[in-house]
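Enquirer: Compact mmCIF, C-alpha atoms, saved as final.txt, coming up:
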```
# COMPACT_ATOMS: atom_id res chain seq x y z
CA MET Z 1002 21.82 -68.51 -28.84
CA SER Z 1003 18.13 -68.63 -29.76
CA ASP Z 1004 17.14 -67.68 -26.25
CA LEU Z 1005 18.99 -64.34 -26.61
CA LYS Z 1006 17.10 -63.29 -29.74
CA ILE Z 1007 14.15 -60.93 -29.65
CA SER Z 1008 11.12 -62.39 -31.34
CA LYS Z 1009 9.34 -60.45 -34.10
CA PRO Z 1010 6.29 -59.40 -32.09
CA ASP Z 1011 8.57 -57.89 -29.44
CA ASP Z 1012 9.92 -54.38 -29.75
CA ALA Z 1013 11.50 -51.79 -27.49
CA SER Z 1014 8.19 -50.36 -26.28
CA THR Z 1015 6.95 -53.68 -24.98
CA ALA Z 1016 10.27 -54.40 -23.33
CA ILE Z 1017 10.05 -51.18 -21.26
CA PRO Z 1018 7.87 -51.40 -18.14
CA ARG Z 1019 4.52 -49.66 -18.45
CA VAL Z 1020 5.19 -47.37 -15.49
CA LEU Z 1021 8.35 -46.09 -17.15
CA ARG Z 1022 6.59 -45.58 -20.51
CA VAL Z 1023 3.79 -43.59 -18.91
CA SER Z 1024 6.24 -41.54 -16.83
CA ALA Z 1025 8.31 -40.74 -19.92
CA ALA Z 1026 5.23 -39.76 -21.92
CA VAL Z 1027 4.02 -37.47 -19.14
CA SER Z 1028 7.51 -36.03 -18.66
CA TRP Z 1029 8.10 -34.97 -22.26
CA ARG Z 1030 4.64 -33.46 -22.45
CA MET Z 1031 5.33 -31.51 -19.26
CA LEU Z 1032 8.62 -30.34 -20.77
CA VAL Z 1033 6.82 -29.11 -23.88
CA ILE Z 1034 4.26 -27.26 -21.74
CA ALA Z 1035 7.03 -25.74 -19.61
CA ALA Z 1036 8.90 -24.62 -22.73
CA ALA Z 1037 5.73 -23.06 -24.14
CA LEU Z 1038 5.07 -21.23 -20.87
CA TYR Z 1039 8.68 -20.05 -20.76
CA VAL Z 1040 8.53 -18.68 -24.30
CA THR Z 1041 5.17 -17.05 -23.56
CA GLY Z 1042 6.61 -15.48 -20.42
CA MET Z 1043 9.60 -14.15 -22.35
CA ILE Z 1044 7.30 -12.61 -24.96
CA ILE Z 1045 5.10 -11.03 -22.28
CA THR Z 1046 8.21 -9.68 -20.52
CA ARG Z 1047 9.31 -8.03 -23.75
CA ILE Z 1048 5.92 -6.39 -24.34
CA TYR Z 1049 4.82 -5.89 -20.72
CA VAL Z 1050 4.22 -2.20 -21.48
CA VAL Z 1051 1.35 -3.37 -23.70
CA VAL Z 1052 0.20 -6.48 -21.82
CA ILE Z 1053 -0.32 -4.87 -18.41
CA PRO Z 1054 -2.44 -1.90 -19.66
CA VAL Z 1055 -4.58 -4.29 -21.71
CA ALA Z 1056 -5.05 -6.55 -18.68
CA ILE Z 1057 -6.03 -3.58 -16.50
CA ALA Z 1058 -8.41 -2.39 -19.22
CA LEU Z 1059 -10.01 -5.86 -19.25
CA LEU Z 1060 -10.52 -5.71 -15.47
CA LEU Z 1061 -12.13 -2.28 -15.75
CA ALA Z 1062 -14.25 -3.52 -18.66
CA ALA Z 1063 -15.50 -6.39 -16.51
CA LEU Z 1064 -16.49 -3.84 -13.86
CA LEU Z 1065 -18.12 -1.30 -16.20
CA ALA Z 1066 -19.54 -3.52 -18.98
CA PRO Z 1067 -22.72 -4.46 -17.06
CA LEU Z 1068 -23.45 -0.77 -16.48
CA VAL Z 1069 -22.83 0.05 -20.15
CA SER Z 1070 -25.19 -2.75 -21.20
CA TRP Z 1071 -27.81 -1.51 -18.73
CA VAL Z 1072 -27.63 2.04 -20.09
CA ALA Z 1073 -27.65 0.78 -23.68
CA GLY Z 1074 -30.71 -1.34 -22.86
CA ARG Z 1075 -32.60 1.90 -22.14
CA LYS Z 1076 -32.47 2.72 -25.89
CA VAL Z 1077 -29.36 4.85 -25.49
CA PRO Z 1078 -26.83 4.50 -28.36
CA ARG Z 1079 -23.98 2.26 -27.25
CA ALA Z 1080 -21.34 4.88 -28.10
CA LEU Z 1081 -23.13 7.42 -25.89
CA ALA Z 1082 -23.62 4.83 -23.12
CA THR Z 1083 -19.90 4.00 -23.22
CA ALA Z 1084 -18.95 7.69 -23.02
CA MET Z 1085 -21.36 8.32 -20.14
CA VAL Z 1086 -20.14 5.38 -18.07
CA LEU Z 1087 -16.48 6.06 -18.82
CA VAL Z 1088 -16.63 9.76 -17.96
CA GLY Z 1089 -18.70 9.08 -14.86
CA GLY Z 1090 -16.32 6.34 -13.71
CA LEU Z 1091 -13.25 8.54 -14.21
CA ALA Z 1092 -14.95 11.38 -12.32
CA VAL Z 1093 -15.76 9.10 -9.38
CA VAL Z 1094 -12.23 7.66 -9.24
CA GLY Z 1095 -10.67 11.13 -9.52
CA GLY Z 1096 -12.93 12.49 -6.79
CA VAL Z 1097 -12.14 9.60 -4.42
CA LEU Z 1098 -8.39 9.94 -5.00
CA THR Z 1099 -8.53 13.70 -4.45
CA PHE Z 1100 -10.47 13.22 -1.23
CA VAL Z 1101 -8.04 10.59 0.07
CA VAL Z 1102 -4.94 12.64 -0.78
CA ASN Z 1103 -6.35 15.76 0.86
CA ALA Z 1104 -7.29 13.79 3.98
CA PHE Z 1105 -3.78 12.33 4.16
CA ILE Z 1106 -2.15 15.76 3.76
CA ASN Z 1107 -4.39 17.30 6.43
CA GLY Z 1108 -3.82 14.44 8.89
CA PHE Z 1109 -0.09 13.99 8.34
CA PRO Z 1110 1.11 16.71 10.84
CA ASP Z 1111 -0.93 15.12 13.63
CA LEU Z 1112 0.43 11.70 12.73
CA GLN Z 1113 3.97 13.06 12.74
CA ARG Z 1114 3.55 14.49 16.25
CA GLN Z 1115 2.07 11.20 17.45
CA VAL Z 1116 4.96 9.24 15.97
CA VAL Z 1117 7.55 11.47 17.68
CA ALA Z 1118 5.75 11.11 21.01
CA SER Z 1119 5.47 7.34 20.57
CA LEU Z 1120 9.18 7.02 19.77
CA GLU Z 1121 10.05 8.97 22.91
CA ALA Z 1122 7.74 6.74 24.97
CA MET Z 1123 9.34 3.67 23.38
CA ARG Z 1124 12.80 4.98 24.27
CA GLN Z 1125 11.74 5.37 27.90
CA TRP Z 1126 10.15 1.90 27.94
CA LEU Z 1127 13.33 0.30 26.55
CA ALA Z 1128 15.34 1.94 29.31
CA VAL Z 1129 13.20 0.37 32.09
CA SER Z 1130 12.38 -2.88 30.25
CA PRO Z 1131 14.14 -6.21 30.93
CA LEU Z 1132 16.43 -5.36 28.02
CA HIS Z 1133 17.91 -2.45 30.03
CA LEU Z 1134 18.93 -0.47 26.97
CA ASN Z 1135 20.37 2.93 27.86
CA ASP Z 1136 20.30 6.05 25.71
CA ASP Z 1137 23.80 5.38 24.36
CA GLN Z 1138 22.84 1.92 23.09
CA ILE Z 1139 19.64 3.21 21.49
CA ALA Z 1140 21.57 6.04 19.85
CA ASN Z 1141 24.09 3.48 18.58
CA TYR Z 1142 21.33 1.42 16.93
CA ILE Z 1143 19.90 4.56 15.33
CA GLN Z 1144 23.36 5.49 14.04
CA GLN Z 1145 23.78 1.99 12.56
CA ALA Z 1146 20.50 2.44 10.72
CA ARG Z 1147 21.69 5.78 9.38
CA ASP Z 1148 24.99 4.24 8.27
CA TRP Z 1149 23.14 1.50 6.45
CA LEU Z 1150 21.02 4.06 4.63
CA GLN Z 1151 24.11 6.02 3.62
CA SER Z 1152 25.94 2.89 2.42
CA ASN Z 1153 22.93 1.89 0.33
CA GLN Z 1154 22.17 5.39 -0.89
CA ALA Z 1155 23.49 4.62 -4.37
CA VAL Z 1156 21.22 1.61 -4.70
CA LEU Z 1157 18.19 3.51 -3.42
CA THR Z 1158 18.96 6.48 -5.66
CA SER Z 1159 19.41 4.31 -8.73
CA GLY Z 1160 16.09 2.65 -7.98
CA ALA Z 1161 14.40 6.02 -7.67
CA LEU Z 1162 15.99 7.18 -10.93
CA SER Z 1163 14.89 3.98 -12.62
CA THR Z 1164 11.35 4.59 -11.40
CA ALA Z 1165 11.48 8.16 -12.67
CA SER Z 1166 12.77 6.99 -16.04
CA THR Z 1167 9.69 4.82 -16.45
CA PHE Z 1168 7.36 7.82 -16.29
CA GLY Z 1169 7.11 7.79 -20.07
CA ASN Z 1170 6.11 4.12 -20.03
CA LEU Z 1171 3.58 4.85 -17.29
CA LEU Z 1172 1.99 7.63 -19.31
CA THR Z 1173 1.94 5.42 -22.41
CA GLY Z 1174 0.33 2.62 -20.40
CA ILE Z 1175 -2.41 4.90 -19.07
CA VAL Z 1176 -3.28 6.14 -22.57
CA LEU Z 1177 -3.23 2.59 -23.97
CA ALA Z 1178 -5.38 1.26 -21.12
CA LEU Z 1179 -7.94 4.04 -21.62
CA PHE Z 1180 -8.02 3.54 -25.40
CA THR Z 1181 -8.36 -0.25 -25.03
CA LEU Z 1182 -11.06 0.14 -22.38
CA ILE Z 1183 -13.14 2.27 -24.76
CA TYR Z 1184 -13.04 -0.42 -27.43
CA PHE Z 1185 -13.72 -3.21 -24.95
CA LEU Z 1186 -16.83 -1.43 -23.70
CA TYR Z 1187 -18.07 -0.31 -27.10
CA ASP Z 1188 -17.10 -3.20 -29.39
CA GLY Z 1189 -15.92 -5.97 -27.08
CA ARG Z 1190 -18.10 -8.70 -28.54
CA ARG Z 1191 -16.83 -8.24 -32.09
CA VAL Z 1192 -13.23 -8.08 -30.84
CA TRP Z 1193 -13.75 -11.46 -29.17
CA LEU Z 1194 -15.40 -12.94 -32.28
CA PHE Z 1195 -12.35 -11.93 -34.30
CA VAL Z 1196 -10.16 -13.86 -31.84
CA VAL Z 1197 -12.50 -16.86 -32.00
CA ARG Z 1198 -12.13 -17.03 -35.79
CA LEU Z 1199 -8.43 -17.80 -35.31
CA ALA Z 1200 -9.42 -21.21 -33.89
CA PRO Z 1201 -10.28 -24.22 -36.12
CA ARG Z 1202 -13.84 -24.07 -37.41
CA GLN Z 1203 -15.01 -27.23 -35.68
CA VAL Z 1204 -14.09 -25.95 -32.20
CA ARG Z 1205 -15.06 -22.29 -32.54
CA HIS Z 1206 -18.31 -22.70 -30.65
CA ARG Z 1207 -16.45 -24.29 -27.71
CA VAL Z 1208 -13.81 -21.55 -27.72
CA ASP Z 1209 -16.60 -18.96 -27.82
CA ASN Z 1210 -18.36 -20.59 -24.88
CA ALA Z 1211 -15.09 -20.84 -22.96
CA GLY Z 1212 -14.32 -17.16 -23.52
CA ILE Z 1213 -17.82 -16.12 -22.49
CA ALA Z 1214 -17.63 -18.31 -19.37
CA GLY Z 1215 -14.24 -16.82 -18.50
CA PHE Z 1216 -15.43 -13.24 -18.94
CA THR Z 1217 -18.63 -13.95 -16.99
CA SER Z 1218 -16.46 -15.30 -14.18
CA LEU Z 1219 -14.27 -12.19 -14.38
CA VAL Z 1220 -17.34 -9.93 -14.19
CA GLY Z 1221 -18.57 -11.76 -11.11
CA PHE Z 1222 -15.15 -11.74 -9.51
CA VAL Z 1223 -14.47 -8.02 -10.04
CA ARG Z 1224 -17.97 -7.03 -8.97
CA ALA Z 1225 -17.88 -9.18 -5.84
CA THR Z 1226 -14.33 -8.15 -4.96
CA ALA Z 1227 -15.25 -4.48 -5.24
CA LEU Z 1228 -18.29 -4.99 -3.01
CA VAL Z 1229 -16.29 -6.94 -0.45
CA ALA Z 1230 -13.56 -4.26 -0.50
CA VAL Z 1231 -16.20 -1.57 0.16
CA VAL Z 1232 -17.57 -3.53 3.11
CA ASP Z 1233 -14.05 -4.03 4.52
CA ALA Z 1234 -13.21 -0.34 4.13
CA LEU Z 1235 -16.47 0.78 5.75
CA GLY Z 1236 -16.18 -1.66 8.65
CA ILE Z 1237 -12.54 -0.99 9.50
CA GLY Z 1238 -12.76 2.72 8.70
CA LEU Z 1239 -15.80 3.17 10.95
CA GLY Z 1240 -13.98 1.39 13.77
CA LEU Z 1241 -10.93 3.64 13.34
CA VAL Z 1242 -13.13 6.75 13.38
CA ILE Z 1243 -14.90 5.66 16.56
CA LEU Z 1244 -11.56 4.92 18.26
CA GLY Z 1245 -10.17 8.30 17.15
CA VAL Z 1246 -7.22 6.86 15.22
CA PRO Z 1247 -5.60 9.54 13.00
CA LEU Z 1248 -5.80 9.18 9.21
CA ALA Z 1249 -8.82 6.89 9.50
CA ILE Z 1250 -10.09 7.83 6.04
CA PRO Z 1251 -6.80 7.23 4.19
CA LEU Z 1252 -6.42 3.96 6.08
CA ALA Z 1253 -9.94 2.95 5.03
CA ALA Z 1254 -8.99 3.77 1.43
CA LEU Z 1255 -5.89 1.60 1.81
CA VAL Z 1256 -8.08 -1.26 3.08
CA PHE Z 1257 -10.34 -0.79 0.05
CA LEU Z 1258 -7.40 -1.01 -2.35
CA GLY Z 1259 -5.97 -3.99 -0.48
CA GLY Z 1260 -9.28 -5.78 -0.80
CA PHE Z 1261 -8.59 -6.30 -4.51
CA VAL Z 1262 -5.70 -8.63 -3.56
CA PRO Z 1263 -7.53 -11.42 -1.66
CA ILE Z 1264 -6.16 -12.62 1.71
CA VAL Z 1265 -2.73 -10.99 1.35
CA GLY Z 1266 -4.03 -7.48 0.66
CA ALA Z 1267 -6.53 -7.60 3.52
CA VAL Z 1268 -3.87 -8.80 5.97
CA ALA Z 1269 -1.33 -6.19 4.86
CA SER Z 1270 -3.74 -3.24 4.96
CA GLY Z 1271 -5.14 -4.39 8.30
CA ALA Z 1272 -1.61 -4.62 9.70
CA VAL Z 1273 -0.94 -1.02 8.64
CA ALA Z 1274 -4.09 0.13 10.43
CA VAL Z 1275 -3.03 -1.75 13.58
CA LEU Z 1276 0.47 -0.26 13.40
CA VAL Z 1277 -0.85 3.29 13.11
CA ALA Z 1278 -3.19 2.68 16.04
CA LEU Z 1279 -0.30 1.27 18.07
CA VAL Z 1280 1.96 4.24 17.34
CA THR Z 1281 -0.67 6.89 17.93
CA LYS Z 1282 -3.02 5.47 20.57
CA GLY Z 1283 -1.18 2.73 22.42
CA TRP Z 1284 -1.56 -1.01 23.03
CA VAL Z 1285 -5.18 -1.04 24.17
CA VAL Z 1286 -6.54 0.72 21.09
CA ALA Z 1287 -4.25 -1.36 18.86
CA LEU Z 1288 -5.69 -4.59 20.31
CA ILE Z 1289 -9.21 -3.28 19.73
CA VAL Z 1290 -8.29 -2.52 16.10
CA VAL Z 1291 -6.92 -6.07 15.78
CA GLY Z 1292 -10.29 -7.37 16.96
CA ILE Z 1293 -12.15 -5.15 14.48
CA VAL Z 1294 -9.91 -6.25 11.59
CA LEU Z 1295 -10.33 -9.94 12.48
CA LEU Z 1296 -14.10 -9.55 12.82
CA VAL Z 1297 -14.44 -7.83 9.44
CA GLN Z 1298 -12.20 -10.39 7.75
CA GLN Z 1299 -14.16 -13.27 9.26
CA LEU Z 1300 -17.37 -11.68 7.97
CA GLU Z 1301 -15.73 -11.34 4.55
CA GLY Z 1302 -14.30 -14.85 4.37
CA ASN Z 1303 -17.23 -16.80 5.84
CA VAL Z 1304 -20.25 -14.81 4.66
CA LEU Z 1305 -19.62 -12.27 1.92
CA GLN Z 1306 -17.26 -14.13 -0.41
CA PRO Z 1307 -19.17 -17.45 -0.46
CA LEU Z 1308 -22.47 -15.61 -0.83
CA ILE Z 1309 -21.41 -13.11 -3.50
CA LEU Z 1310 -18.74 -14.90 -5.53
CA GLY Z 1311 -20.64 -18.15 -5.87
CA ARG Z 1312 -19.31 -21.42 -7.21
CA ALA Z 1313 -18.29 -19.99 -10.58
CA VAL Z 1314 -15.27 -18.14 -9.18
CA GLN Z 1315 -14.49 -20.04 -5.99
CA ILE Z 1316 -10.76 -20.67 -5.61
CA HIS Z 1317 -9.18 -22.56 -2.75
CA ALA Z 1318 -7.29 -20.41 -0.25
CA LEU Z 1319 -4.05 -22.26 -0.99
CA GLY Z 1320 -4.48 -21.55 -4.69
CA VAL Z 1321 -5.07 -17.88 -3.90
CA VAL Z 1322 -1.90 -17.59 -1.81
CA LEU Z 1323 0.22 -19.46 -4.37
CA ALA Z 1324 -1.14 -17.41 -7.27
CA ILE Z 1325 -0.51 -14.13 -5.45
CA SER Z 1326 3.00 -15.25 -4.49
CA ILE Z 1327 3.83 -16.12 -8.08
CA GLY Z 1328 2.34 -12.81 -9.25
CA VAL Z 1329 4.46 -10.87 -6.76
CA VAL Z 1330 7.62 -12.69 -7.87
CA ILE Z 1331 6.87 -12.07 -11.56
CA ASN Z 1332 5.73 -8.45 -11.47
CA GLY Z 1333 5.34 -7.09 -7.94
CA ILE Z 1334 2.10 -5.38 -6.95
CA VAL Z 1335 0.67 -5.48 -10.47
CA GLY Z 1336 1.31 -9.21 -10.63
CA ALA Z 1337 -0.46 -9.73 -7.31
CA LEU Z 1338 -3.41 -7.68 -8.55
CA LEU Z 1339 -3.76 -9.63 -11.81
CA ALA Z 1340 -2.98 -13.12 -10.50
CA ILE Z 1341 -6.37 -14.04 -9.02
CA PRO Z 1342 -8.51 -12.67 -11.90
CA LEU Z 1343 -6.31 -14.65 -14.30
CA VAL Z 1344 -6.78 -17.83 -12.28
CA ALA Z 1345 -10.55 -17.24 -12.09
CA VAL Z 1346 -10.81 -16.75 -15.87
CA LEU Z 1347 -8.66 -19.80 -16.65
CA ASN Z 1348 -10.63 -21.91 -14.20
CA ALA Z 1349 -13.98 -21.07 -15.81
CA ALA Z 1350 -12.67 -21.22 -19.38
CA ILE Z 1351 -10.96 -24.61 -18.98
CA ARG Z 1352 -14.05 -26.05 -17.31
CA ALA Z 1353 -16.14 -24.88 -20.28
CA LEU Z 1354 -13.65 -26.33 -22.78
CA ILE Z 1355 -13.62 -29.80 -21.27
CA ALA Z 1356 -17.30 -29.92 -20.32
CA ALA Z 1357 -19.76 -32.11 -22.19
CA GLU Z 1358 -22.00 -30.40 -24.74
CA GLU Z 1359 -25.02 -30.44 -22.45
CA GLU Z 1360 -22.94 -29.04 -19.57
CA LEU Z 1361 -21.84 -25.91 -21.42
CA PRO Z 1362 -22.64 -22.73 -19.48
CA ASP Z 1363 -25.61 -20.57 -20.28
CA THR Z 1364 -24.24 -17.72 -22.40
CA THR Z 1365 -27.36 -15.62 -22.51
CA GLY Z 1366 -27.32 -12.11 -21.12
CA ILE Z 1367 -23.60 -11.52 -21.62
CA PRO Z 1368 -22.80 -7.92 -20.61
CA LEU Z 1369 -21.01 -7.05 -23.83
CA GLU Z 1370 -22.18 -5.81 -27.18
CA PRO Z 1371 -24.87 -8.13 -28.64
CA PRO Z 1372 -23.73 -10.34 -31.53
CA ALA Z 1373 -24.20 -9.05 -35.04
CA PRO Z 1374 -27.17 -10.27 -37.13
CA ALA Z 1375 -26.84 -13.71 -38.67
CA ASP Z 1376 -26.68 -12.38 -42.24
CA THR Z 1377 -23.39 -10.50 -41.61
CA ASP Z 1378 -19.83 -11.75 -41.45
CA ASP Z 1379 -19.68 -11.10 -37.69
CA ALA Z 1380 -22.22 -13.80 -36.82
CA GLU Z 1381 -21.76 -16.16 -33.90
CA PRO Z 1382 -19.27 -18.97 -34.54
CA ALA Z 1383 -21.88 -21.58 -33.65
CA GLN Z 1384 -24.32 -19.99 -36.07
CA ASP Z 1385 -21.69 -20.05 -38.82
CA LYS Z 1386 -21.19 -23.73 -38.26
CA ALA Z 1387 -24.90 -24.46 -38.43
CA ALA Z 1388 -25.32 -22.33 -41.55
CA GLU Z 1389 -22.48 -24.14 -43.31
CA ALA Z 1390 -23.79 -27.56 -42.36
CA GLU Z 1391 -27.15 -27.03 -44.08
CA PRO Z 1392 -25.80 -26.85 -47.70
CA GLU Z 1393 -23.78 -30.02 -47.09
CA ASP Z 1394 -26.92 -31.84 -46.01
CA ASP Z 1395 -28.74 -30.64 -49.15
CA GLU Z 1396 -25.91 -31.92 -51.35
CA LYS Z 1397 -26.11 -35.34 -49.70
CA LYS Z 1398 -29.85 -35.48 -50.42
CA ASP Z 1399 -29.27 -34.60 -54.07
```
Would you mind writing the file's structure down as structure tokens?
Expert:
Amino acid sequence: MSDLKISKPDDASTAIPRVLRVSAAVSWRMLVIAAALYVTGMIITRIYVVVIPVAIALLLAALLAPLVSWVAGRKVPRALATAMVLVGGLAVVGGVLTFVVNAFINGFPDLQRQVVASLEAMRQWLAVSPLHLNDDQIANYIQQARDWLQSNQAVLTSGALSTASTFGNLLTGIVLALFTLIYFLYDGRRVWLFVVRLAPRQVRHRVDNAGIAGFTSLVGFVRATALVAVVDALGIGLGLVILGVPLAIPLAALVFLGGFVPIVGAVASGAVAVLVALVTKGWVVALIVVGIVLLVQQLEGNVLQPLILGRAVQIHALGVVLAISIGVVINGIVGALLAIPLVAVLNAAIRALIAAEEELPDTTGIPLEPPAPADTDDAEPAQDKAAEAEPEDDEKKD
């Protein structure tokens, strides 16, 4: 009987194999993290009308904040610098959109004629191809497509009505994004310091450094992505113009917009350009456009991105594809647009949080409003900590 008793030093934890104990400890921690992410996702889903405009405003702030700081550094009041940059940016965006829409409207009739001619040529090719499809079979396939559209008309209509019903939310989001952008550009530093003060006092300086590192990474990412998108649009657009492909300018604008979604956006916009060239100019021109798109994307992936983005915002291609895929599943195009900036910010911020004290990033020259003087309540968190430590040292001496 004595052999069956458990001695006093023994307990359940020592009786369980170490591999099982470690696996259980990791598992319950993963479950807690998953539950926290799930709750956070549910909250964000409930208030997505607020979260998405604020996220877009943060992206625009990362793009415009360096320019605001540059103008303010020329002894221009920050409020005036913010207004100048904001009005100028809106004017540029409005002008570009107007130009693109007008170009699309002017080129659409020519594209329509080219599409009709290409469809007729495709019908003739199918008739003499190895498939040997006659006109009756082709007409049957077209009728099947029409029947499918009619059978799904209710679903398509309900989707359109749902989109129309969100116009109020869209307008609210635009106003909120603009209002938030103004405050980010004018008073972004103090807004961040308010958030930092929610953290425990002993870690505020690390949270501050992590936030600054994340925003610096976001600034670099947005700036580099915009530059790369411009290069892609110019390269592909110039090739389309030389080849005489219709709607070259709107297609170049589409390539520019797609450049803000790394890898996936470039492939999708390039495929649209190839498709238009195929429909309007034939196989030879389409193959040349494929070559131009591949050449520009190779220049982007092997030269521009490593040179411009730098190590601070480098993300593995697999991580980019997975992040974009998750973003598309969660919130469509907007999710794809926000996925990579979010990963870049988290990457830089987490690295700053876990780094040793001497490895913390250099936070000088941050393109946001300079910190308030040390004698005010809005001082830097690290300065607060140092100021509070001095009286304690004096008390110890007494």
Enquirer: What is the CA of Ile1048 (chain Z)-CA of Gly1260 (chain Z) distance in Å, reported with one decimal?
Expert: 28.0 Å
Enquirer: Mind pulling up the distance from CA of Thr1046 (chain Z) to CA of Ala1063 (chain Z)?
Expert: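 It comes out at 24.3 Å.
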Enquirer: Extract, using all atoms listed in the file, all DNA, RNA and protein residues at most 10 Å from Gly1336 (chain Z), discarding same-chain residues fewer than 3 positions from it, and format them as a ChimeraX atom specification.
Expert: /Z:1053,1262,1324-1333,1339-1341
Enquirer: Between Z:Ala1287, Z:Leu1186, Z:Val1051, Z:Val1040, which is the closest to Ala1073 (chain Z) once you count all atoms listed in the file?
Expert: Z:Leu1186
Enquirer: Starting from the point (-14.0, -8.8, -17.7), work out which residues of protein, DNA or RNA have an atom no more than 7 Å away when counting only C-alpha atoms; state them as number ranges by chain.
Expert: Z: 1059-1060, 1062-1064, 1216-1217, 1219-1220
Enquirer: How many Å lie between CA of Ser1028 (chain Z) and CA of Ile1351 (chain Z), rounded to one decimal?
Expert: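 Distance reported for this atom pair: 21.7 Å.
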Enquirer: Pick out the residues sitting within 12 Å of Val1294 (chain Z), and hand them over as an mmCIF file with C-alpha atoms, keeping the file's coordinate frame; count all atoms listed in the file, and ignore anything fewer than 2 positions along from it in its own chain.
Expert:
```cif
data_model
loop_
_atom_site.group_PDB
_atom_site.id
_atom_site.type_symbol
_atom_site.label_atom_id
_atom_site.label_comp_id
_atom_site.auth_asym_id
_atom_site.auth_seq_id
_atom_site.Cartn_x
_atom_site.Cartn_y
_atom_site.Cartn_z
ATOM 1 C CA VAL Z 1232 -17.570 -3.530 3.110
ATOM 2 C CA ASP Z 1233 -14.050 -4.030 4.520
ATOM 3 C CA ALA Z 1234 -13.210 -0.340 4.130
ATOM 4 C CA LEU Z 1235 -16.470 0.780 5.750
ATOM 5 C CA GLY Z 1236 -16.180 -1.660 8.650
ATOM 6 C CA ILE Z 1237 -12.540 -0.990 9.500
ATOM 7 C CA GLY Z 1238 -12.760 2.720 8.700
ATOM 8 C CA LEU Z 1239 -15.800 3.170 10.950
ATOM 9 C CA GLY Z 1240 -13.980 1.390 13.770
ATOM 10 C CA LEU Z 1241 -10.930 3.640 13.340
ATOM 11 C CA ALA Z 1253 -9.940 2.950 5.030
ATOM 12 C CA VAL Z 1256 -8.080 -1.260 3.080
ATOM 13 C CA ALA Z 1267 -6.530 -7.600 3.520
ATOM 14 C CA VAL Z 1268 -3.870 -8.800 5.970
ATOM 15 C CA ALA Z 1269 -1.330 -6.190 4.860
ATOM 16 C CA SER Z 1270 -3.740 -3.240 4.960
ATOM 17 C CA GLY Z 1271 -5.140 -4.390 8.300
ATOM 18 C CA ALA Z 1272 -1.610 -4.620 9.700
ATOM 19 C CA VAL Z 1273 -0.940 -1.020 8.640
ATOM 20 C CA ALA Z 1274 -4.090 0.130 10.430
ATOM 21 C CA VAL Z 1275 -3.030 -1.750 13.580
ATOM 22 C CA ALA Z 1287 -4.250 -1.360 18.860
ATOM 23 C CA LEU Z 1288 -5.690 -4.590 20.310
ATOM 24 C CA ILE Z 1289 -9.210 -3.280 19.730
ATOM 25 C CA VAL Z 1290 -8.290 -2.520 16.100
ATOM 26 C CA VAL Z 1291 -6.920 -6.070 15.780
ATOM 27 C CA GLY Z 1292 -10.290 -7.370 16.960
ATOM 28 C CA LEU Z 1296 -14.100 -9.550 12.820
ATOM 29 C CA VAL Z 1297 -14.440 -7.830 9.440
ATOM 30 C CA GLN Z 1298 -12.200 -10.390 7.750
ATOM 31 C CA GLN Z 1299 -14.160 -13.270 9.260
ATOM 32 C CA LEU Z 1300 -17.370 -11.680 7.970
ATOM 33 C CA GLU Z 1301 -15.730 -11.340 4.550
#
```
Enquirer: Counting all atoms listed in the file, which residue out of Z:Leu1021, Z:Val1304, Z:Leu1244, Z:Arg1202 sits closest to Val1285 (chain Z)?
Expert: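 Closest candidate: Z:Leu1244.
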